[in-house]
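Colleague: To be precise about what I am sending: the file is called target.tsv and holds TSV, C-alpha atoms.
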chain	number	residue	atom	x	y	z
A	4	MET	CA	-6.06	-117.24	-148.48
A	5	ILE	CA	-5.12	-116.43	-144.92
A	6	ILE	CA	-8.69	-115.56	-144.01
A	7	TYR	CA	-9.83	-119.13	-144.75
A	8	GLY	CA	-7.67	-120.47	-141.95
A	9	VAL	CA	-8.70	-117.69	-139.59
A	10	ALA	CA	-12.34	-118.34	-140.44
A	11	LEU	CA	-11.95	-122.08	-139.82
A	12	LEU	CA	-10.41	-121.29	-136.43
A	13	SER	CA	-13.24	-118.88	-135.64
A	14	VAL	CA	-15.95	-121.36	-136.63
A	15	CYS	CA	-14.32	-124.03	-134.43
A	16	LEU	CA	-14.30	-121.66	-131.44
A	17	ILE	CA	-17.89	-120.51	-131.97
A	18	LEU	CA	-19.18	-124.08	-132.38
A	19	GLY	CA	-17.25	-125.20	-129.30
A	20	MET	CA	-18.57	-122.29	-127.25
A	21	LEU	CA	-22.15	-122.95	-128.36
A	22	ILE	CA	-21.87	-126.60	-127.34
A	23	GLY	CA	-20.16	-125.62	-124.05
A	24	GLU	CA	-22.94	-123.14	-123.21
A	25	THR	CA	-25.60	-125.72	-124.13
A	26	LEU	CA	-23.91	-128.29	-121.91
A	27	GLY	CA	-23.94	-125.73	-119.10
A	28	VAL	CA	-27.68	-125.13	-119.52
A	29	VAL	CA	-28.43	-128.86	-119.75
A	30	LEU	CA	-26.41	-129.58	-116.61
A	31	GLY	CA	-27.86	-126.57	-114.81
A	32	VAL	CA	-24.43	-124.97	-114.39
A	33	LYS	CA	-23.73	-121.24	-114.62
A	34	ALA	CA	-20.63	-121.78	-116.73
A	35	ASN	CA	-19.42	-122.83	-120.14
A	36	VAL	CA	-18.55	-126.52	-119.85
A	37	GLY	CA	-15.45	-127.25	-121.91
A	38	GLY	CA	-16.28	-124.95	-124.83
A	39	VAL	CA	-12.64	-124.22	-125.58
A	40	GLY	CA	-11.66	-127.87	-125.26
A	41	ILE	CA	-14.41	-128.92	-127.65
A	42	ALA	CA	-13.32	-126.20	-130.10
A	43	MET	CA	-9.77	-127.56	-129.91
A	44	LEU	CA	-11.05	-131.04	-130.73
A	45	PHE	CA	-12.82	-129.64	-133.81
A	46	LEU	CA	-9.64	-127.94	-134.98
A	47	ILE	CA	-7.58	-131.09	-134.36
A	48	ILE	CA	-10.08	-133.19	-136.32
A	49	ALA	CA	-10.13	-130.65	-139.15
A	50	SER	CA	-6.35	-130.39	-139.28
A	51	ASN	CA	-6.00	-134.19	-139.39
A	52	SER	CA	-8.61	-134.62	-142.12
A	53	SER	CA	-8.04	-134.47	-145.86
A	54	ARG	CA	-11.47	-132.92	-146.43
A	55	PHE	CA	-10.34	-129.60	-144.96
A	56	LYS	CA	-7.08	-129.53	-146.91
A	57	ALA	CA	-7.92	-126.25	-148.64
A	58	LEU	CA	-8.48	-124.55	-145.27
A	59	ILE	CA	-5.36	-125.77	-143.48
A	60	GLU	CA	-2.57	-125.90	-146.03
A	61	GLY	CA	-0.43	-123.14	-147.45
A	62	ALA	CA	-1.49	-119.58	-146.78
A	63	SER	CA	-4.69	-120.68	-145.04
A	64	GLY	CA	-2.65	-122.61	-142.49
A	65	GLU	CA	-0.51	-119.50	-141.91
A	66	GLY	CA	-3.65	-117.74	-140.71
A	67	ILE	CA	-4.02	-120.33	-137.95
A	68	LYS	CA	-0.30	-120.46	-137.18
A	69	PHE	CA	-0.24	-116.69	-136.73
A	70	TRP	CA	-2.79	-116.86	-133.91
A	71	SER	CA	-1.02	-119.84	-132.42
A	72	ALA	CA	2.18	-117.79	-132.36
A	73	MET	CA	0.32	-114.84	-130.83
A	74	TYR	CA	-0.56	-117.09	-127.92
A	75	ILE	CA	2.34	-116.09	-125.65
A	76	PRO	CA	1.94	-112.32	-126.22
A	77	ILE	CA	-1.78	-112.69	-125.48
A	78	VAL	CA	-0.97	-114.60	-122.30
A	79	VAL	CA	1.41	-111.82	-121.24
A	80	ALA	CA	-1.41	-109.29	-121.77
A	81	MET	CA	-3.70	-111.62	-119.83
A	82	ALA	CA	-1.25	-111.66	-116.92
A	83	ALA	CA	-1.16	-107.85	-116.99
A	84	ARG	CA	-4.93	-107.64	-116.55
A	85	GLN	CA	-5.27	-110.05	-113.62
A	86	ASN	CA	-6.64	-108.72	-110.36
A	87	VAL	CA	-3.33	-109.20	-108.54
A	88	ALA	CA	-4.12	-106.45	-106.04
A	89	ALA	CA	-7.26	-108.30	-104.91
A	90	ALA	CA	-5.33	-111.55	-104.55
A	91	ILE	CA	-2.83	-109.83	-102.27
A	92	ASP	CA	-5.59	-108.02	-100.35
A	93	GLY	CA	-7.34	-111.35	-99.73
A	94	GLY	CA	-5.33	-111.84	-96.59
A	95	LEU	CA	-3.83	-114.92	-95.00
A	96	LEU	CA	-6.74	-117.34	-95.49
A	97	ALA	CA	-6.92	-116.72	-99.25
A	98	LEU	CA	-3.15	-116.98	-99.51
A	99	VAL	CA	-2.90	-120.24	-97.56
A	100	ALA	CA	-5.88	-121.83	-99.34
A	101	GLY	CA	-4.55	-120.89	-102.78
A	102	VAL	CA	-0.98	-121.97	-102.09
A	103	ALA	CA	-2.01	-125.26	-100.46
A	104	ALA	CA	-4.29	-126.18	-103.38
A	105	VAL	CA	-1.46	-125.57	-105.84
A	106	VAL	CA	1.17	-127.47	-103.85
A	107	VAL	CA	-1.03	-130.55	-103.42
A	108	SER	CA	-2.09	-130.48	-107.10
A	109	PHE	CA	1.54	-130.17	-108.26
A	110	ALA	CA	2.43	-133.19	-106.14
A	111	LEU	CA	-0.29	-135.27	-107.81
A	112	VAL	CA	0.88	-134.65	-111.39
A	113	PRO	CA	3.48	-137.48	-111.43
A	114	VAL	CA	1.00	-139.83	-109.72
A	115	PHE	CA	-1.74	-139.40	-112.32
A	116	SER	CA	0.64	-139.19	-115.28
A	117	LYS	CA	1.32	-142.92	-114.84
A	118	ILE	CA	-2.31	-143.86	-115.50
A	119	GLY	CA	-3.07	-145.72	-118.72
A	120	GLY	CA	0.32	-146.17	-120.30
A	121	ASP	CA	4.07	-145.78	-120.02
A	122	ASP	CA	5.16	-142.38	-118.77
A	123	SER	CA	8.13	-142.36	-121.10
A	124	SER	CA	5.78	-141.55	-123.99
A	125	SER	CA	7.35	-139.21	-126.51
A	126	PRO	CA	8.89	-136.48	-124.40
A	127	VAL	CA	8.71	-133.28	-126.43
A	128	ASP	CA	11.13	-131.44	-124.22
A	129	ASN	CA	14.88	-131.40	-124.02
A	130	GLN	CA	17.29	-128.62	-123.32
A	131	LYS	CA	18.59	-128.15	-126.85
A	132	SER	CA	15.29	-127.96	-128.68
A	133	LYS	CA	14.01	-125.67	-125.94
A	134	ASN	CA	16.72	-123.15	-126.67
A	135	GLN	CA	15.95	-123.27	-130.37
A	136	GLU	CA	12.32	-122.70	-129.52
A	137	THR	CA	13.36	-119.57	-127.66
A	138	GLU	CA	14.92	-118.17	-130.79
A	139	SER	CA	11.92	-118.84	-132.98
A	140	SER	CA	9.22	-117.68	-130.62
B	15	MET	CA	-0.49	-84.40	-123.52
B	16	ASP	CA	-4.04	-84.31	-124.84
B	17	ILE	CA	-2.86	-85.42	-128.26
B	18	ILE	CA	-0.98	-88.40	-126.85
B	19	GLU	CA	-3.98	-89.47	-124.83
B	20	THR	CA	-6.34	-89.16	-127.79
B	21	VAL	CA	-4.11	-91.23	-130.05
B	22	PHE	CA	-3.37	-93.88	-127.41
B	23	VAL	CA	-6.98	-94.31	-126.33
B	24	ARG	CA	-8.36	-94.32	-129.85
B	25	ASN	CA	-5.84	-96.96	-130.94
B	26	ASN	CA	-5.74	-98.88	-127.69
B	27	LEU	CA	-5.41	-102.39	-129.13
B	28	VAL	CA	-2.53	-101.32	-131.36
B	29	VAL	CA	-0.86	-99.70	-128.35
B	30	ALA	CA	-1.25	-103.00	-126.51
B	31	PHE	CA	0.52	-104.89	-129.32
B	32	ALA	CA	3.43	-102.45	-129.14
B	33	VAL	CA	3.66	-102.48	-125.34
B	34	VAL	CA	3.47	-106.28	-125.10
B	35	GLY	CA	6.01	-106.64	-127.91
B	36	LEU	CA	8.39	-104.33	-126.08
B	37	THR	CA	7.85	-106.22	-122.83
B	38	ILE	CA	8.60	-109.56	-124.47
B	39	TRP	CA	11.72	-108.18	-126.18
B	40	LEU	CA	12.95	-106.86	-122.83
B	41	SER	CA	12.12	-110.17	-121.13
B	42	TYR	CA	14.03	-112.29	-123.62
B	43	PHE	CA	16.94	-109.85	-123.35
B	44	LEU	CA	16.94	-110.20	-119.55
B	45	ALA	CA	16.56	-113.99	-119.77
B	46	ARG	CA	19.65	-114.17	-121.98
B	47	LYS	CA	21.84	-111.63	-120.19
B	48	LEU	CA	20.94	-112.26	-116.54
B	49	THR	CA	20.01	-115.94	-116.43
B	50	ASN	CA	21.74	-117.35	-119.53
B	51	ASN	CA	18.30	-118.64	-120.63
B	52	ARG	CA	17.90	-120.75	-117.48
B	53	ILE	CA	14.64	-118.87	-116.91
B	54	HIS	CA	12.45	-118.80	-120.02
B	55	GLY	CA	11.91	-115.35	-121.50
B	56	SER	CA	8.15	-115.78	-121.50
B	57	ALA	CA	8.24	-116.61	-117.77
B	58	ILE	CA	9.90	-113.24	-117.15
B	59	ALA	CA	7.38	-111.52	-119.44
B	60	ILE	CA	4.48	-113.05	-117.51
B	61	ALA	CA	6.04	-112.02	-114.20
B	62	ILE	CA	6.44	-108.45	-115.50
B	63	GLY	CA	2.80	-108.60	-116.60
B	64	LEU	CA	1.70	-109.63	-113.12
B	65	LEU	CA	3.79	-106.90	-111.48
B	66	ALA	CA	2.27	-104.36	-113.87
B	67	ALA	CA	-1.18	-105.73	-113.03
B	68	TYR	CA	-0.52	-105.19	-109.33
B	69	TRP	CA	0.71	-101.67	-109.98
B	70	GLY	CA	-2.33	-100.97	-112.18
B	71	GLY	CA	-4.71	-102.36	-109.59
B	72	VAL	CA	-3.21	-100.22	-106.82
B	73	THR	CA	-2.97	-97.05	-108.94
B	74	ALA	CA	-6.30	-97.19	-110.77
B	75	GLY	CA	-8.24	-99.21	-108.20
B	76	GLY	CA	-10.05	-101.31	-110.79
B	77	ARG	CA	-10.39	-105.04	-111.23
B	78	THR	CA	-8.49	-105.61	-114.47
B	79	GLY	CA	-4.95	-104.70	-113.48
B	80	VAL	CA	-3.01	-102.49	-115.84
B	81	ALA	CA	-5.96	-102.39	-118.27
B	82	ASP	CA	-7.71	-99.92	-115.94
B	83	ILE	CA	-5.12	-97.30	-116.81
B	84	ALA	CA	-6.66	-95.37	-119.70
B	85	LEU	CA	-3.54	-95.31	-121.88
B	86	LEU	CA	-3.17	-99.10	-121.60
B	87	GLY	CA	-6.84	-100.04	-121.96
B	88	GLY	CA	-6.10	-102.17	-125.02
B	89	ILE	CA	-4.31	-104.70	-122.79
B	90	GLY	CA	-7.77	-105.54	-121.49
B	91	LEU	CA	-8.99	-106.50	-124.96
B	92	MET	CA	-5.78	-108.24	-126.01
B	93	GLY	CA	-5.58	-110.28	-122.81
B	94	GLY	CA	-9.32	-110.77	-122.40
B	95	GLY	CA	-11.20	-114.04	-122.53
B	96	MET	CA	-12.07	-113.80	-126.23
B	97	MET	CA	-8.52	-113.41	-127.51
B	98	ARG	CA	-7.18	-115.88	-124.94
B	99	ASP	CA	-9.59	-118.60	-126.04
B	100	PHE	CA	-9.01	-117.83	-129.73
B	101	ALA	CA	-5.25	-118.22	-129.35
B	102	ILE	CA	-5.56	-121.31	-127.14
B	103	VAL	CA	-7.68	-123.05	-129.77
B	104	ALA	CA	-5.13	-122.07	-132.44
B	105	THR	CA	-2.40	-123.89	-130.49
B	106	ALA	CA	-4.29	-127.14	-131.13
B	107	PHE	CA	-3.42	-126.84	-134.83
B	108	GLY	CA	-1.21	-129.78	-135.77
B	109	VAL	CA	-1.82	-131.81	-132.62
B	110	HIS	CA	-2.08	-135.52	-133.38
B	111	ILE	CA	-5.21	-137.35	-132.34
B	112	SER	CA	-3.11	-140.34	-131.20
B	113	GLU	CA	-1.45	-138.26	-128.46
B	114	LEU	CA	-4.85	-137.23	-127.11
B	115	LYS	CA	-6.14	-140.80	-127.08
B	116	LYS	CA	-3.07	-142.02	-125.20
B	117	ALA	CA	-3.64	-139.57	-122.36
B	118	GLY	CA	-7.41	-139.41	-122.56
B	119	LEU	CA	-8.27	-141.57	-119.56
B	120	ALA	CA	-5.59	-140.05	-117.32
B	121	GLY	CA	-6.79	-136.59	-118.40
B	122	VAL	CA	-10.43	-137.27	-117.51
B	123	ILE	CA	-9.55	-138.80	-114.13
B	124	SER	CA	-7.28	-135.89	-113.32
B	125	ILE	CA	-10.08	-133.35	-113.91
B	126	PHE	CA	-12.27	-135.02	-111.29
B	127	ALA	CA	-9.36	-135.54	-108.91
B	128	GLY	CA	-8.21	-131.95	-109.40
B	129	VAL	CA	-11.58	-130.40	-108.53
B	130	ILE	CA	-12.13	-132.64	-105.51
B	131	VAL	CA	-8.59	-132.34	-104.11
B	132	SER	CA	-8.46	-128.55	-104.44
B	133	PHE	CA	-11.90	-128.32	-102.85
B	134	ILE	CA	-10.91	-130.48	-99.87
B	135	VAL	CA	-7.70	-128.51	-99.33
B	136	GLY	CA	-9.53	-125.16	-99.49
B	137	ALA	CA	-12.34	-126.35	-97.23
B	138	ALA	CA	-9.88	-127.80	-94.71
B	139	ILE	CA	-8.01	-124.48	-94.56
B	140	ALA	CA	-11.32	-122.65	-94.01
B	141	VAL	CA	-12.07	-124.97	-91.07
B	142	MET	CA	-8.57	-124.40	-89.69
B	143	PHE	CA	-9.25	-120.66	-89.79
B	144	GLY	CA	-12.32	-121.19	-87.64
B	145	TYR	CA	-15.21	-121.30	-90.11
B	146	THR	CA	-18.07	-123.57	-89.02
B	147	ASP	CA	-20.86	-122.49	-91.43
B	148	PRO	CA	-21.18	-125.13	-94.21
B	149	ALA	CA	-21.96	-122.48	-96.85
B	150	ALA	CA	-18.79	-120.52	-96.00
B	151	ILE	CA	-16.61	-123.66	-95.89
B	152	THR	CA	-18.00	-124.85	-99.24
B	153	THR	CA	-17.55	-121.45	-100.88
B	154	ILE	CA	-13.92	-121.08	-99.78
B	155	GLY	CA	-13.24	-124.66	-100.88
B	156	ALA	CA	-14.81	-123.84	-104.25
B	157	GLY	CA	-12.61	-120.73	-104.47
B	158	ALA	CA	-9.56	-122.97	-104.16
B	159	VAL	CA	-10.91	-124.79	-107.25
B	160	THR	CA	-10.96	-121.62	-109.39
B	161	TYR	CA	-11.93	-118.00	-108.92
B	162	ILE	CA	-15.01	-118.63	-111.06
B	163	VAL	CA	-16.21	-121.72	-109.19
B	164	GLY	CA	-15.98	-119.82	-105.85
B	165	PRO	CA	-18.51	-117.05	-106.57
B	166	VAL	CA	-20.78	-119.31	-108.66
B	167	THR	CA	-21.00	-121.76	-105.75
B	168	GLY	CA	-21.25	-119.03	-103.10
B	169	GLU	CA	-24.14	-117.30	-104.85
B	170	ALA	CA	-25.97	-120.59	-105.41
B	171	ILE	CA	-25.84	-121.64	-101.76
B	172	GLY	CA	-26.24	-118.18	-100.22
B	173	ALA	CA	-22.81	-117.45	-98.75
B	174	SER	CA	-22.05	-113.94	-97.48
B	175	ASP	CA	-20.41	-111.34	-99.74
B	176	ALA	CA	-17.28	-111.30	-97.59
B	177	VAL	CA	-16.84	-115.05	-97.97
B	178	ILE	CA	-17.43	-114.86	-101.73
B	179	THR	CA	-14.78	-112.15	-102.03
B	180	LEU	CA	-12.42	-114.34	-100.03
B	181	SER	CA	-13.07	-117.29	-102.35
B	182	VAL	CA	-12.24	-115.15	-105.39
B	183	ALA	CA	-9.00	-114.08	-103.71
B	184	ALA	CA	-8.07	-117.71	-102.99
B	185	GLY	CA	-8.71	-118.60	-106.63
B	186	LEU	CA	-6.61	-115.65	-107.82
B	187	VAL	CA	-3.73	-116.69	-105.58
B	188	LYS	CA	-3.93	-120.17	-107.08
B	189	SER	CA	-4.03	-118.89	-110.66
B	190	ILE	CA	-1.07	-116.54	-110.15
B	191	LEU	CA	0.97	-119.16	-108.32
B	192	VAL	CA	0.44	-121.65	-111.16
B	193	MET	CA	1.65	-119.00	-113.65
B	194	ILE	CA	4.83	-118.36	-111.67
B	195	GLY	CA	5.42	-121.79	-110.17
B	196	THR	CA	4.95	-124.10	-113.17
B	197	PRO	CA	8.22	-123.35	-114.99
B	198	LEU	CA	10.14	-123.67	-111.71
B	199	ILE	CA	8.63	-127.02	-110.73
B	200	ALA	CA	8.07	-128.57	-114.19
B	201	ARG	CA	11.21	-130.72	-114.21
B	202	HIS	CA	10.54	-132.15	-110.75
B	203	ILE	CA	7.02	-133.34	-111.58
B	204	GLY	CA	7.89	-134.79	-114.99
B	205	LEU	CA	6.01	-132.13	-116.91
B	206	ASP	CA	7.71	-132.66	-120.26
B	207	ASN	CA	5.34	-134.71	-122.44
B	208	PRO	CA	1.77	-134.46	-123.77
B	209	GLN	CA	0.45	-137.01	-121.28
B	210	SER	CA	1.72	-135.24	-118.16
B	211	ALA	CA	0.61	-131.90	-119.64
B	212	MET	CA	-2.96	-133.19	-119.95
B	213	VAL	CA	-2.86	-134.45	-116.37
B	214	PHE	CA	-1.37	-131.14	-115.25
B	215	GLY	CA	-4.16	-129.18	-116.95
B	216	GLY	CA	-6.77	-131.41	-115.36
B	217	LEU	CA	-5.30	-131.15	-111.87
B	218	MET	CA	-4.65	-127.39	-111.87
B	219	GLY	CA	-7.71	-126.38	-113.83
B	220	THR	CA	-7.28	-122.62	-113.75
B	221	THR	CA	-7.28	-121.85	-117.48
B	222	SER	CA	-5.27	-118.64	-117.10
B	223	GLY	CA	-2.78	-120.29	-114.76
B	224	VAL	CA	-2.31	-123.35	-116.94
B	225	ALA	CA	-2.15	-121.26	-120.11
B	226	ALA	CA	0.58	-119.01	-118.76
B	227	GLY	CA	2.39	-121.69	-116.77
B	228	LEU	CA	2.81	-124.00	-119.75
B	229	ALA	CA	3.68	-121.12	-122.07
B	230	ALA	CA	6.56	-120.29	-119.77
B	231	THR	CA	7.61	-123.94	-119.51
B	232	ASP	CA	7.33	-125.26	-123.07
B	233	PRO	CA	4.85	-123.81	-125.58
B	234	ARG	CA	4.46	-127.21	-127.26
B	235	LEU	CA	2.69	-128.52	-124.16
B	236	VAL	CA	0.05	-125.77	-124.19
B	237	PRO	CA	-2.67	-127.47	-126.29
B	238	TYR	CA	-2.61	-130.62	-124.16
B	239	GLY	CA	-2.87	-128.81	-120.83
B	240	ALA	CA	-5.42	-126.30	-122.06
B	241	MET	CA	-7.62	-129.05	-123.44
B	242	THR	CA	-8.28	-130.62	-120.03
B	243	ALA	CA	-8.18	-127.37	-118.06
B	244	THR	CA	-11.16	-125.94	-119.93
B	245	PHE	CA	-13.42	-128.71	-118.58
B	246	TYR	CA	-12.33	-128.11	-115.01
B	247	THR	CA	-14.25	-124.93	-114.19
B	248	GLY	CA	-17.44	-126.41	-115.65
B	249	LEU	CA	-17.09	-129.53	-113.53
B	250	GLY	CA	-16.33	-127.40	-110.46
B	251	CYS	CA	-19.47	-125.31	-111.01
B	252	LEU	CA	-21.40	-128.55	-111.34
B	253	LEU	CA	-20.06	-130.27	-108.20
B	254	GLY	CA	-19.55	-127.24	-105.91
B	255	PRO	CA	-23.14	-126.17	-105.14
B	256	SER	CA	-24.43	-129.75	-105.30
B	257	ILE	CA	-22.60	-132.89	-104.13
B	258	LEU	CA	-19.70	-131.11	-102.45
B	259	TYR	CA	-22.05	-128.75	-100.56
B	260	PHE	CA	-24.24	-131.68	-99.45
B	261	ILE	CA	-21.21	-133.55	-98.14
B	262	VAL	CA	-19.94	-130.50	-96.23
B	263	SER	CA	-23.43	-129.90	-94.82
B	264	GLY	CA	-23.52	-133.49	-93.66
B	265	ILE	CA	-20.24	-133.11	-91.76
B	266	PHE	CA	-20.84	-129.67	-90.17
Any chance you could give the structure as structure tokens?
Modeller:
Amino acid sequence: MIIYGVALLSVCLILGMLIGETLGVVLGVKANVGGVGIAMLFLIIASNSSRFKALIEGASGEGIKFWSAMYIPIVVAMAARQNVAAAIDGGLLALVAGVAAVVVSFALVPVFSKIGGDDSSSPVDNQKSKNQETESS
Amino acid sequence: MDIIETVFVRNNLVVAFAVVGLTIWLSYFLARKLTNNRIHGSAIAIAIGLLAAYWGGVTAGGRTGVADIALLGGIGLMGGGMMRDFAIVATAFGVHISELKKAGLAGVISIFAGVIVSFIVGAAIAVMFGYTDPAAITTIGAGAVTYIVGPVTGEAIGASDAVITLSVAAGLVKSILVMIGTPLIARHIGLDNPQSAMVFGGLMGTTSGVAAGLAATDPRLVPYGAMTATFYTGLGCLLGPSILYFIVSGIF
């Protein structure tokens, strides 16, 4: 049943959010600390475990895959509801601060990627498979 | 006209599905015809989304882009935090635990480095623009972390409203630039495997920016980047009004 997969996904998100909020309260922070990340860990553990087989295989799995596939459309909608006007109205200081933070952070990606292992680890990307991806998504 | 409005408003989420679907179809068409797929269709769709958001913000004067236009209100729900997080978690389906373990340490280090580096850059720019008040410098630095960390920090340490608004704007610029810039720069920074995606998420931190940037680069990288990025804002809110503010106060 598709709803089983969707329900599993929902339970993972709710549990993750509850833990993230609790972490925020414990740490005295006005934010959810890693709720989504924790929820993702739950889903990864569930999808790698044989105990949850009934909730992740067949039609149930399709329920999760549907929302995974809806990710890009949702991100497009998210982009369309950003406060772009305010970002542009922020003036030069906001622009310079934002751009500089991004440029420096981009530059650090290759530096930190080398930590703790070979950086040639299983590249998932090459031109051909990317084009196929385009067709399917 | 009344009938159209009634139907569109009453079914706003369904309207959003149709509008976004149409946008994505158009984007993939343009990607194929104009750029021969050199630019990913979803990158074009996100850019169209951002343009629409600017237009919506200017026309309707609200804070949620195109979603402030009554006929397109469903975009607000579809692209809101709840649906975004739901879909992000779904992308983790099928991820192997071994990949996470391999990049775990680098991911954790990059979250700390990302918050601190962005903060220093933002704070330095604030100083260059003539700010000398530690609360203002800290708040603008926190804004360069993310547009949530900025106001949370600013309110906690008593920065002025104008400075808080500025910090939000800096965070928005960052988020939007990550959305647009990631697919363009991905190849040059080796962003093509789970490990570098986790580091990327940790360094950038803006969940929206990382989510959209990786979607436009390679959707398979999304779960790895999103995983680390979601810890970033929490860490920023933790460090901003505390250690980072104390350090800035000590210097100025």
Colleague: Which residue is closest to Ile203 in chain B? Choose from A:Ala82, A:Ile118, A:Leu111, A:Leu12 and count all atoms listed in the file.
Modeller: A:Leu111
Colleague: Nearest residue to chain B out of A:Leu98, A:Ala10, A:Leu18, A:Ile5, using all atoms listed in the file?
Modeller: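 Smallest distance to chain B is found for A:Leu98.
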Colleague: Would you pick out the contacts of Ala100 in chain A at 10 Å or less, using only C-alpha atoms, so that residues sharing its chain but fewer than 2 positions from it are not included, and give the list as number ranges by chain?
Modeller: A: 95-98, 102-105; B: 132-133, 135-140, 154-155, 157-159, 180-181, 183-185, 187-188
Colleague: Keeping only C-alpha atoms, write the selected residues to a file as an mmCIF file, keeping the file's coordinate frame.
Modeller:
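Here's the written file out02.cif:
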data_model
loop_
_atom_site.group_PDB
_atom_site.id
_atom_site.type_symbol
_atom_site.label_atom_id
_atom_site.label_comp_id
_atom_site.auth_asym_id
_atom_site.auth_seq_id
_atom_site.Cartn_x
_atom_site.Cartn_y
_atom_site.Cartn_z
ATOM 1 C CA LEU A 95 -3.830 -114.920 -95.000
ATOM 2 C CA LEU A 96 -6.740 -117.340 -95.490
ATOM 3 C CA ALA A 97 -6.920 -116.720 -99.250
ATOM 4 C CA LEU A 98 -3.150 -116.980 -99.510
ATOM 5 C CA VAL A 102 -0.980 -121.970 -102.090
ATOM 6 C CA ALA A 103 -2.010 -125.260 -100.460
ATOM 7 C CA ALA A 104 -4.290 -126.180 -103.380
ATOM 8 C CA VAL A 105 -1.460 -125.570 -105.840
ATOM 9 C CA SER B 132 -8.460 -128.550 -104.440
ATOM 10 C CA PHE B 133 -11.900 -128.320 -102.850
ATOM 11 C CA VAL B 135 -7.700 -128.510 -99.330
ATOM 12 C CA GLY B 136 -9.530 -125.160 -99.490
ATOM 13 C CA ALA B 137 -12.340 -126.350 -97.230
ATOM 14 C CA ALA B 138 -9.880 -127.800 -94.710
ATOM 15 C CA ILE B 139 -8.010 -124.480 -94.560
ATOM 16 C CA ALA B 140 -11.320 -122.650 -94.010
ATOM 17 C CA ILE B 154 -13.920 -121.080 -99.780
ATOM 18 C CA GLY B 155 -13.240 -124.660 -100.880
ATOM 19 C CA GLY B 157 -12.610 -120.730 -104.470
ATOM 20 C CA ALA B 158 -9.560 -122.970 -104.160
ATOM 21 C CA VAL B 159 -10.910 -124.790 -107.250
ATOM 22 C CA LEU B 180 -12.420 -114.340 -100.030
ATOM 23 C CA SER B 181 -13.070 -117.290 -102.350
ATOM 24 C CA ALA B 183 -9.000 -114.080 -103.710
ATOM 25 C CA ALA B 184 -8.070 -117.710 -102.990
ATOM 26 C CA GLY B 185 -8.710 -118.600 -106.630
ATOM 27 C CA VAL B 187 -3.730 -116.690 -105.580
ATOM 28 C CA LYS B 188 -3.930 -120.170 -107.080
#
Colleague: Return the padded bounding box of range 64-77 of chain A as AutoDock Vina command-line options: axis-aligned, built from all atoms listed in the file, 8 Å added on each side, with centre and edge lengths in Å to one decimal.
Modeller:
--center_x -0.8 --center_y -117.5 --center_z -134.0 --size_x 22.4 --size_y 26.3 --size_z 33.0
Colleague: With distances taken over only C-alpha atoms, which of B:Thr231, B:Ser124, B:Thr160, B:Thr146 is nearest to Gly216 in chain B?
Modeller: B:Ser124
